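Pasting my_file13.tsv here (TSV, C-alpha atoms):
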```
chain	number	residue	atom	x	y	z
A	251	MET	CA	0.00	0.00	0.00
A	252	LYS	CA	1.30	3.43	-0.94
A	253	CYS	CA	1.28	6.18	1.66
A	254	ARG	CA	1.86	9.88	1.16
A	255	ILE	CA	2.64	12.20	4.09
A	256	THR	CA	2.20	15.97	3.72
A	257	VAL	CA	3.07	18.51	6.40
A	258	ILE	CA	0.21	21.04	6.58
A	259	CYS	CA	1.06	23.00	9.75
A	260	GLU	CA	4.54	23.74	11.04
A	261	ASN	CA	6.55	26.59	12.54
A	262	SER	CA	7.94	27.60	9.15
A	263	ALA	CA	6.60	27.53	5.61
A	264	GLY	CA	8.56	26.03	2.75
A	265	ARG	CA	8.64	26.97	-0.91
A	266	LEU	CA	4.94	26.44	-1.59
A	267	SER	CA	3.58	29.89	-2.42
A	268	GLY	CA	0.95	31.35	-0.10
A	269	THR	CA	1.31	28.88	2.77
A	270	LEU	CA	1.79	30.13	6.33
A	271	GLY	CA	3.74	28.98	9.37
A	272	GLU	CA	2.58	28.90	13.00
A	273	ASN	CA	3.73	27.34	16.24
A	274	GLY	CA	2.24	23.88	15.82
A	275	PHE	CA	2.23	20.69	13.83
A	276	CYS	CA	-0.14	18.78	11.57
A	277	ALA	CA	0.44	16.23	8.84
A	278	LEU	CA	-1.93	14.49	6.43
A	279	LEU	CA	-1.50	10.81	5.64
A	280	GLU	CA	-3.07	9.45	2.46
A	281	CYS	CA	-2.84	5.67	2.66
A	282	GLY	CA	-4.65	3.26	0.38
A	283	GLY	CA	-7.50	5.64	-0.30
A	284	GLU	CA	-7.96	6.76	3.31
A	285	MET	CA	-7.05	10.23	4.54
A	286	LEU	CA	-5.98	10.56	8.18
A	287	LEU	CA	-4.75	13.64	10.06
A	288	PHE	CA	-2.00	13.57	12.64
A	289	ASP	CA	-2.55	16.56	14.94
A	290	SER	CA	-4.25	19.78	13.86
A	291	GLY	CA	-1.77	22.61	14.41
A	292	GLY	CA	-2.50	25.66	16.53
A	293	GLY	CA	-5.67	26.62	14.70
A	294	LEU	CA	-4.52	29.53	12.52
A	295	THR	CA	-3.18	27.83	9.39
A	296	LEU	CA	-4.79	24.39	8.97
A	297	LEU	CA	-7.64	25.31	6.65
A	298	HIS	CA	-5.67	28.00	4.81
A	299	ASN	CA	-2.70	25.76	4.06
A	300	ALA	CA	-4.91	22.80	3.13
A	301	GLN	CA	-6.72	25.00	0.63
A	302	ARG	CA	-3.43	26.25	-0.84
A	303	MET	CA	-2.32	22.62	-1.24
A	304	HIS	CA	-5.69	21.53	-2.71
A	305	LEU	CA	-6.28	19.05	0.12
A	306	ASP	CA	-9.92	18.25	0.86
A	307	LEU	CA	-10.07	17.72	4.62
A	308	ARG	CA	-13.76	16.80	4.39
A	309	ARG	CA	-12.53	13.36	3.31
A	310	VAL	CA	-10.65	12.88	6.59
A	311	GLU	CA	-12.54	10.60	8.97
A	312	ARG	CA	-9.95	10.12	11.75
A	313	VAL	CA	-7.58	12.50	13.53
A	314	VAL	CA	-4.77	11.10	15.68
A	315	LEU	CA	-3.67	13.52	18.40
A	316	SER	CA	-0.09	13.22	19.60
A	317	HIS	CA	-0.87	14.84	22.98
A	318	GLY	CA	-3.02	17.48	24.64
A	319	HIS	CA	-1.12	20.71	23.95
A	320	TYR	CA	-2.72	23.70	22.21
A	321	ASP	CA	-0.26	23.76	19.31
A	322	HIS	CA	-1.36	20.27	18.26
A	323	THR	CA	-5.08	20.47	19.07
A	324	GLY	CA	-5.97	24.11	18.35
A	325	GLY	CA	-7.06	23.32	14.81
A	326	LEU	CA	-9.81	20.93	15.93
A	327	TYR	CA	-12.43	23.67	16.18
A	328	PRO	CA	-12.01	25.05	12.64
A	329	LEU	CA	-11.62	21.51	11.29
A	330	LEU	CA	-14.83	20.20	12.84
A	331	GLN	CA	-16.74	23.39	12.10
A	332	SER	CA	-15.78	23.44	8.42
A	333	CYS	CA	-15.17	19.81	7.51
A	334	GLY	CA	-17.69	17.79	9.49
A	335	ARG	CA	-17.60	14.95	12.00
A	336	LYS	CA	-14.28	13.28	12.87
A	337	GLU	CA	-13.16	10.48	15.15
A	338	LEU	CA	-10.42	11.68	17.49
A	339	ILE	CA	-7.86	9.04	18.40
A	340	ALA	CA	-5.90	9.94	21.52
A	341	HIS	CA	-4.70	8.96	24.99
A	342	PRO	CA	-7.19	9.17	27.92
A	343	ALA	CA	-5.11	12.03	29.41
A	344	LEU	CA	-5.85	14.29	26.43
A	345	PHE	CA	-7.86	16.81	28.50
A	346	THR	CA	-5.47	16.99	31.47
A	347	PRO	CA	-4.79	20.63	32.55
A	348	ARG	CA	-1.41	21.72	31.22
A	349	TYR	CA	0.85	24.67	32.09
A	350	THR	CA	4.36	25.88	31.44
A	351	ILE	CA	6.46	28.10	33.69
A	352	HIS	CA	9.06	30.35	32.10
A	353	GLU	CA	10.95	33.08	33.95
A	354	GLY	CA	8.42	32.91	36.77
A	355	GLU	CA	5.41	33.32	34.50
A	356	CYS	CA	2.86	30.51	34.29
A	357	ARG	CA	0.57	30.07	31.30
A	358	SER	CA	-1.87	27.42	30.13
A	359	VAL	CA	-0.69	25.28	27.20
A	360	GLY	CA	-3.35	22.55	27.28
A	361	ILE	CA	-6.00	21.70	24.72
A	362	PRO	CA	-8.14	24.85	24.39
A	363	TYR	CA	-11.48	23.00	24.11
A	364	SER	CA	-13.47	20.78	26.45
A	365	ARG	CA	-14.59	17.29	25.50
A	366	ASP	CA	-18.24	18.38	25.52
A	367	PHE	CA	-17.51	21.33	23.23
A	368	LEU	CA	-15.78	19.11	20.66
A	369	ALA	CA	-18.51	16.49	20.92
A	370	GLY	CA	-21.04	19.21	20.21
A	371	LEU	CA	-19.22	19.91	16.96
A	372	GLY	CA	-19.49	16.26	15.95
A	373	ALA	CA	-16.31	14.75	17.39
A	374	THR	CA	-16.30	11.17	18.62
A	375	PHE	CA	-13.50	9.81	20.79
A	376	SER	CA	-11.34	6.69	20.80
A	377	LEU	CA	-9.14	7.07	23.88
A	378	GLU	CA	-6.65	4.27	24.57
A	379	ARG	CA	-3.22	3.90	26.15
A	380	ASP	CA	-2.07	0.90	24.14
A	381	PHE	CA	-0.12	0.41	20.92
A	382	ARG	CA	-2.68	-0.17	18.16
A	383	GLU	CA	-3.00	-0.72	14.42
A	384	LEU	CA	-4.83	1.96	12.45
A	385	LEU	CA	-4.30	0.53	8.98
A	386	PRO	CA	-2.19	-2.36	7.68
A	387	GLY	CA	1.40	-1.22	8.31
A	388	LEU	CA	0.36	1.94	10.18
A	389	TYR	CA	0.36	2.01	13.98
A	390	CYS	CA	-0.16	4.42	16.86
A	391	THR	CA	2.34	3.92	19.69
A	392	GLY	CA	0.00	4.78	22.52
A	393	GLU	CA	1.74	5.63	25.79
A	394	VAL	CA	5.52	5.31	25.44
A	395	PRO	CA	7.50	3.75	28.34
A	396	ARG	CA	10.26	6.07	29.60
A	397	ARG	CA	13.32	3.82	29.76
A	398	THR	CA	16.19	5.89	28.39
A	399	PRO	CA	18.06	7.62	31.25
A	400	PHE	CA	19.11	10.72	29.29
A	401	GLU	CA	15.63	11.51	27.92
A	402	GLU	CA	14.44	13.53	30.90
A	403	GLY	CA	11.91	15.72	29.10
A	404	ASP	CA	10.98	19.36	29.60
A	405	PRO	CA	11.23	20.44	33.28
A	406	SER	CA	9.12	23.58	32.71
A	407	LEU	CA	5.88	21.67	32.13
A	408	CYS	CA	3.40	21.17	34.97
A	409	CYS	CA	-0.19	20.12	35.61
A	410	ASP	CA	-1.11	22.97	37.96
A	411	ALA	CA	-0.84	26.74	37.84
A	412	ALA	CA	1.36	26.72	40.96
A	413	GLY	CA	3.98	24.65	39.19
A	414	VAL	CA	4.05	21.99	41.90
A	415	GLU	CA	3.04	18.89	39.92
A	416	ARG	CA	5.44	18.23	37.04
A	417	ASP	CA	3.84	17.14	33.77
A	418	THR	CA	5.71	14.28	32.10
A	419	VAL	CA	3.14	14.31	29.25
A	420	PRO	CA	2.23	10.62	29.56
A	421	ASP	CA	-0.22	10.95	26.67
A	422	ASP	CA	2.58	11.64	24.16
A	423	GLN	CA	2.28	9.23	21.23
A	424	SER	CA	3.56	8.95	17.68
A	425	LEU	CA	2.72	7.16	14.44
A	426	VAL	CA	4.79	4.25	13.12
A	427	LEU	CA	4.81	3.24	9.47
A	428	VAL	CA	6.34	-0.12	8.55
A	429	THR	CA	7.73	0.64	5.11
A	430	ARG	CA	9.77	-1.48	2.71
A	431	LYS	CA	12.84	0.54	3.76
A	432	GLY	CA	12.27	0.11	7.50
A	433	LEU	CA	10.38	2.01	10.17
A	434	LEU	CA	9.28	5.58	9.47
A	435	LEU	CA	8.12	7.49	12.56
A	436	LEU	CA	5.88	10.55	12.48
A	437	LEU	CA	6.35	12.60	15.66
A	438	GLY	CA	4.21	15.38	17.11
A	439	CYS	CA	6.48	16.72	19.86
A	440	CYS	CA	7.92	13.44	21.09
A	441	HIS	CA	7.89	14.45	24.76
A	442	ALA	CA	8.49	10.76	25.51
A	443	GLY	CA	11.87	10.99	23.79
A	444	VAL	CA	12.90	10.03	20.27
A	445	VAL	CA	14.90	7.01	21.44
A	446	ASN	CA	12.17	5.73	23.78
A	447	THR	CA	9.70	6.02	20.91
A	448	ILE	CA	11.95	4.25	18.43
A	449	GLU	CA	12.62	1.43	20.88
A	450	LEU	CA	8.89	0.87	21.45
A	451	ALA	CA	8.27	0.86	17.69
A	452	ARG	CA	11.03	-1.72	17.12
A	453	GLU	CA	9.77	-3.88	19.96
A	454	ARG	CA	6.12	-3.89	18.95
A	455	THR	CA	6.56	-4.24	15.18
A	456	GLY	CA	9.52	-6.64	15.26
A	457	VAL	CA	11.29	-4.44	12.69
A	458	ALA	CA	14.79	-3.39	13.75
A	459	GLU	CA	15.72	-1.10	10.84
A	460	VAL	CA	14.81	2.56	11.28
A	461	TYR	CA	14.47	4.34	7.96
A	462	GLY	CA	13.50	7.80	9.18
A	463	ILE	CA	11.76	10.20	11.54
A	464	ILE	CA	9.61	13.21	10.67
A	465	GLY	CA	8.30	15.97	12.93
A	466	GLY	CA	9.05	17.49	16.31
A	467	CYS	CA	11.90	15.94	18.30
A	468	HIS	CA	11.51	18.25	21.34
A	469	LEU	CA	15.23	18.90	21.59
A	470	ALA	CA	14.85	22.69	21.81
A	471	PHE	CA	13.78	22.33	25.44
A	472	SER	CA	15.98	19.42	26.48
A	473	SER	CA	19.38	19.14	28.10
A	474	ALA	CA	22.71	18.96	26.29
A	475	GLN	CA	22.95	15.36	27.50
A	476	GLN	CA	19.66	14.49	25.83
A	477	LEU	CA	20.73	16.03	22.53
A	478	GLU	CA	24.06	14.22	22.69
A	479	GLY	CA	22.44	10.89	23.48
A	480	THR	CA	19.82	11.31	20.78
A	481	VAL	CA	22.37	12.10	18.08
A	482	LYS	CA	24.50	9.11	19.04
A	483	ALA	CA	21.48	6.82	19.02
A	484	LEU	CA	20.29	7.98	15.60
A	485	ARG	CA	23.76	7.33	14.20
A	486	ALA	CA	23.82	3.88	15.81
A	487	TYR	CA	20.40	3.04	14.33
A	488	GLY	CA	21.67	4.07	10.89
A	489	VAL	CA	18.71	6.39	10.33
A	490	ARG	CA	18.76	7.60	6.73
A	491	LYS	CA	16.17	10.40	6.89
A	492	VAL	CA	15.65	12.92	9.70
A	493	CYS	CA	13.11	15.62	8.88
A	494	GLY	CA	13.00	17.73	12.02
A	495	GLY	CA	10.72	20.63	12.73
A	496	HIS	CA	8.42	22.34	15.22
A	497	CYS	CA	10.05	21.79	18.65
A	498	THR	CA	13.32	20.31	17.38
A	499	GLY	CA	15.05	23.68	17.80
A	500	PHE	CA	17.56	25.53	15.63
A	501	SER	CA	20.66	24.46	17.53
A	502	ALA	CA	19.58	20.83	17.63
A	503	ALA	CA	18.68	20.92	13.93
A	504	ALA	CA	22.13	22.31	13.12
A	505	ARG	CA	23.71	19.55	15.18
A	506	LEU	CA	21.64	16.87	13.46
A	507	GLU	CA	22.55	18.23	10.04
A	508	ARG	CA	26.24	18.25	10.96
A	509	ASP	CA	26.38	14.79	12.52
A	510	LEU	CA	24.00	13.05	10.11
A	511	PRO	CA	25.33	14.30	6.77
A	512	GLY	CA	22.87	13.93	3.93
A	513	ALA	CA	20.08	12.70	6.22
A	514	PHE	CA	18.70	15.90	7.74
A	515	ARG	CA	16.28	18.41	6.27
A	516	PRO	CA	13.59	20.65	7.83
A	517	ALA	CA	10.00	19.38	7.75
A	518	GLN	CA	8.42	22.68	6.76
A	519	VAL	CA	4.88	23.34	5.57
A	520	GLY	CA	4.50	21.60	2.22
A	521	TYR	CA	7.12	18.90	2.86
A	522	THR	CA	5.93	15.62	1.31
A	523	ILE	CA	7.25	12.09	1.39
A	524	GLU	CA	5.91	8.92	-0.20
A	525	CYS	CA	6.53	5.37	0.97
A	526	GLU	CA	5.33	1.82	0.42
A	527	LEU	CA	3.83	-0.06	3.38
```
Before anything else, please render the file you have as structure tokens.
Amino acid sequence: MKCRITVICENSAGRLSGTLGENGFCALLECGGEMLLFDSGGGLTLLHNAQRMHLDLRRVERVVLSHGHYDHTGGLYPLLQSCGRKELIAHPALFTPRYTIHEGECRSVGIPYSRDFLAGLGATFSLERDFRELLPGLYCTGEVPRRTPFEEGDPSLCCDAAGVERDTVPDDQSLVLVTRKGLLLLLGCCHAGVVNTIELARERTGVAEVYGIIGGCHLAFSSAQQLEGTVKALRAYGVRKVCGGHCTGFSAAARLERDLPGAFRPAQVGYTIECEL
């Protein structure tokens, strides 16, 4: 089965004329006649960019949400309002309150809509923690076990406005495509860690070869040790394609480009890749 992935929302726009960037991520998967969205961006560019790319989001029936942050779920309102009913596939912790503290200032970063509000717009919900198959050769990781010592996550995230309860973002999940070239992972923010996510994908699919990763690697907010460990691991896996964007960070992207020569490129709005499942 052929699958085509197109980045619709991302922090920066590519060469496609008239598209816009925003803080967020969304990608469209067209696999064997089915259209499936992964995340929805922050809400400002989804419909505009889809129109510029001649993508009919009315044909999308399912939306997989990587986690409950505004920059991945903000587009749900305009999507449901303009394009009809959708099934939302996510972790049960999707609606957990979420905050970030930076320089003493606390702000909400959680999903900006309640479950009842989205249901009123026609959303249905499939909320599970487990690894599951969405289509032949296409899987959702579900909750990712945190086993890698250096992948400590973002210490600024919390579940309360006082900043007392740290948020480890347990609902973080990614998509896994088993292609003829090996595993291809589509990441939202990858709060669980790129290496933790890859290891789960290898374990559950039985496929050891990692062809590539696309999306946010969340290295802009991580320690130097996490960046170092991630780069070393990607080299050890022999990853041939790293398309980083969103929360990967400029410094981390530069490091990935330097240490993975010929493999790295930015996953900007309009970036497209085709593979065979």
Self-check item: Residue neighbourhood range 464-479 of chain A, 8 Å, only C-alpha atoms, exclusion window fewer than 3 positions, as a VMD selection string
Solution: chain A and resid 275 400 to 404 434 to 441 443 to 444 482 to 483 492 to 502 517
Self-check item: Contact residues around range 419-429 of chain A with only C-alpha atoms at 9 Å, ignoring same-chain residues under 4 positions, as number ranges by chain
Solution: A: 288, 314-318, 340-344, 348, 379, 386-395, 403, 407-408, 433-442, 447-448, 451, 455, 457, 461, 525-527
Quiz prompt | Pick from A:Ser267, A:Thr350, A:Thr323, A:Asn446, whichever lies nearest to Arg365 in chain A using all atoms listed in the file | solution =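 Counting all atoms listed in the file, the residue closest to Arg365 in chain A is A:Thr323.
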Quiz item: Quick one, how far is CA of Lys336 in chain A from CA of Val313 in chain A?
Solution: 6.8 Å
Exercise. To one decimal in Å, tell me the separation between CA of Gly264 in chain A and CA of Gln518 in chain A.
Key: 5.2 Å
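Between CA of Arg505 in chain A and CA of Glu459 in chain A the interatomic distance comes to 22.6 Å.
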Exercise. In the coordinate frame of the file, compute which residues have an atom within 12 Å of (18.9, 13.6, 4.3) when using all atoms listed in the file, and state them as number ranges by chain.
Key: A: 461-464, 488-494, 506-517
